[in-house]
Amino acid sequence: MQVPTASERQRAAIVAAFMLHCALIFLPESTVSIARQASEITLPAVNNGWHTVLQFLCSQFPFISEAIWRQRIATGKVYWFNGESITEHTPFSPSKRLCYYREVTAEPVIPFAHQIVYQDEHILVADKPHFLPVTPGGEYVNECLLARLQRETGISDIVPVHRLDRETAGIVLFSLNAASRAQYYQLFSEGRVQKQYQAVAKLSAEAQHCALPRHWHIANRIEKSQPRFLNAIVPGPVNAVSDISLVVKAGDIGLFQLSPHSGKTHQLRLHMLSLGMPILHDKYYPELLPKQPPQFDKPLQLLAASLGFIQPDSNKLLQFSSGFSLKVLPGTAP
């Protein structure tokens, strides 16, 4: 597949953004979004007292009422992996795979376009805007990068090889071929992918007066925290390593280049925090802010700027760069 030129990508982005803007104008105030593809869950091998599949679902998903699960089951939105339907009385069956369709009310619409920057028989590389999740989760069902790509390409078997936070923009790699998929997972697990990020943060007093470039090598341990979607740096064996460089300064604002050598959730956000310079507009660190609608004028100033690796099947070096840029750069108002 021929890679679009920068001007072609820009024109496509403008058209897509306009179409999304029009969709926002005519979007009803309250709608129900139903996933176009079923999610799957394997029932636990050990039965913890569930007599029926319904009881298990109510226990597994406590924020969804029993009445809603009964309604979904009655309308065929929950069924066994082999296609066999279930009822509210279907017995719990250990280790059996179950399919269900996720639903949310008033799913947010993200008014920013993604771009496909490369595609061949094995992989697809996309450029993700801020605020758009990579996969369904929480209040997002169809408004995620994966669902957008499935609709755009007509390909259902698309699997992200890695992920970016919803708040982060930039390059994401997807697998299109089940036969070669493990090779791309292996690239990441063996550290054979070159990842470069950019971030903007307010500078510490020390960083405001240091010579450029200023480098930090950070190696520590990151584990789950509370609430469970947060992580924290804790004592123990190292499992998170990053190299961070301050490359541009303007007053108390700095532009950083970041190279993660591991893939822990929120790793770069926590490593910047550990330097005393949390990334601008971070809603999680250093303080978890109250949940609110997306603030499109204040995206997290973190960008997955480039991704490079040797393609397993062709042995060619592939390198991809994001067409997005950070909005709060040194020399501009934060």
# chains A, B, ... in the order shown; residues from 1 in each chain; ligands from 1

call {"tool": "closest_atom_pairs", "arguments": {"of": "segment 31-141 of chain A", "to": "segment 312-315 of chain A", "cutoff": "12 Å", "atoms": "only C-alpha atoms", "output": "tab-separated table"}}
result
residue	atom	partner	partner_atom	distance
A:Asp120	CA	A:Ser314	CA	11.3
A:Glu121	CA	A:Asp313	CA	10.6
A:His122	CA	A:Asp313	CA	8.8
A:Ile123	CA	A:Asp313	CA	11.0

call {"tool": "select_by_dssp", "arguments": {"residues": "segment 43-209 of chain A", "states": "strand (DSSP E or B)", "output": "PyMOL selection string"}}
result
chain A and resi 52+78-80+85+91+97-100+103-105+115-119+123-128+137+140+159-160+169-175+194-202

call {"tool": "atom_distance", "arguments": {"atom1": "atom CA of Leu57 of chain A", "atom2": "atom CA of Asn142 of chain A"}}
result
21.7 Å

call {"tool": "residues_around", "arguments": {"residues": "segment 185-199 of chain A", "least_positions_apart": "4", "cutoff": "9 Å", "atoms": "only C-alpha atoms", "output": "ChimeraX atom specification"}}
result
/A:161-162,170,181,254-263,268,279-280,300-312,319,325-326

call {"tool": "closest_atom_pairs", "arguments": {"of": "segment 130-178 of chain A", "to": "segment 109-116 of chain A", "cutoff": "12 Å", "atoms": "only C-alpha atoms", "output": "Markdown table"}}
result
| residue | atom | partner | partner_atom | distance |
| --- | --- | --- | --- | --- |
| A:His130 | CA | A:Phe112 | CA | 7.9 |
| A:Phe131 | CA | A:Ile110 | CA | 6.8 |
| A:Leu132 | CA | A:Ile110 | CA | 6.3 |
| A:Pro133 | CA | A:Ile110 | CA | 9.5 |
| A:Val134 | CA | A:His114 | CA | 10.9 |
| A:Glu139 | CA | A:Val109 | CA | 10.5 |
| A:Tyr140 | CA | A:Val109 | CA | 8.9 |
| A:Val141 | CA | A:Val109 | CA | 10.5 |
| A:Asn142 | CA | A:Val109 | CA | 9.3 |
| A:Glu143 | CA | A:Val109 | CA | 6.4 |
| A:Cys144 | CA | A:Ile110 | CA | 8.7 |
| A:Leu145 | CA | A:His114 | CA | 7.6 |
| A:Leu146 | CA | A:His114 | CA | 10.7 |
| A:Ala147 | CA | A:His114 | CA | 11.6 |
| A:Arg148 | CA | A:His114 | CA | 8.5 |
| A:Leu149 | CA | A:Ile116 | CA | 8.3 |
| A:Gln150 | CA | A:Ile116 | CA | 11.7 |
| A:Glu152 | CA | A:Ile116 | CA | 9.6 |
| A:Thr153 | CA | A:Ile116 | CA | 9.8 |
| A:Arg166 | CA | A:Ile110 | CA | 10.9 |
| A:Glu167 | CA | A:Ile110 | CA | 11.5 |
| A:Ala169 | CA | A:His114 | CA | 9.6 |
| A:Gly170 | CA | A:His114 | CA | 9.4 |
| A:Ile171 | CA | A:Gln115 | CA | 9.5 |
| A:Val172 | CA | A:Ile116 | CA | 9.7 |
| A:Leu173 | CA | A:Ile116 | CA | 10.2 |
| A:Phe174 | CA | A:Ile116 | CA | 10.6 |

call {"tool": "select_by_dssp", "arguments": {"residues": "segment 123-325 of chain A", "states": "helix (DSSP H, G or I)", "output": "ChimeraX atom specification"}}
result
/A:145-153,181-189,205-208,267-274

call {"tool": "closest_residue", "arguments": {"among": "A:Val53, A:Ala45, A:Ala182, A:Ile222", "to": "Val234 of chain A", "atoms": "only C-alpha atoms"}}
result
A:Ile222

call {"tool": "closest_residue", "arguments": {"among": "A:Pro44, A:Pro293, A:Pro278, A:Gly251", "to": "His266 of chain A", "atoms": "only C-alpha atoms"}}
result
A:Pro278

call {"tool": "atom_distance", "arguments": {"atom1": "atom CA of Ile158 of chain A", "atom2": "atom CA of Thr135 of chain A"}}
result
10.8 Å

call {"tool": "residues_around", "arguments": {"residues": "segment 80-95 of chain A", "least_positions_apart": "5", "cutoff": "12 Å", "atoms": "only C-alpha atoms", "output": "VMD selection string"}}
result
chain A and resid 38 to 58 66 to 75 100

call {"tool": "closest_residue", "arguments": {"among": "A:Ile233, A:Ala178, A:Val247, A:Leu318", "to": "Pro286 of chain A", "atoms": "only C-alpha atoms"}}
result
A:Ile233

call {"tool": "residues_around", "arguments": {"residues": "Asn220 of chain A", "least_positions_apart": "3", "cutoff": "9 Å", "atoms": "only C-alpha atoms", "output": "VMD selection string"}}
result
chain A and resid 233 to 241 271

call {"tool": "atom_distance", "arguments": {"atom1": "atom CA of Phe324 of chain A", "atom2": "atom CA of Thr168 of chain A"}}
result
10.8 Å
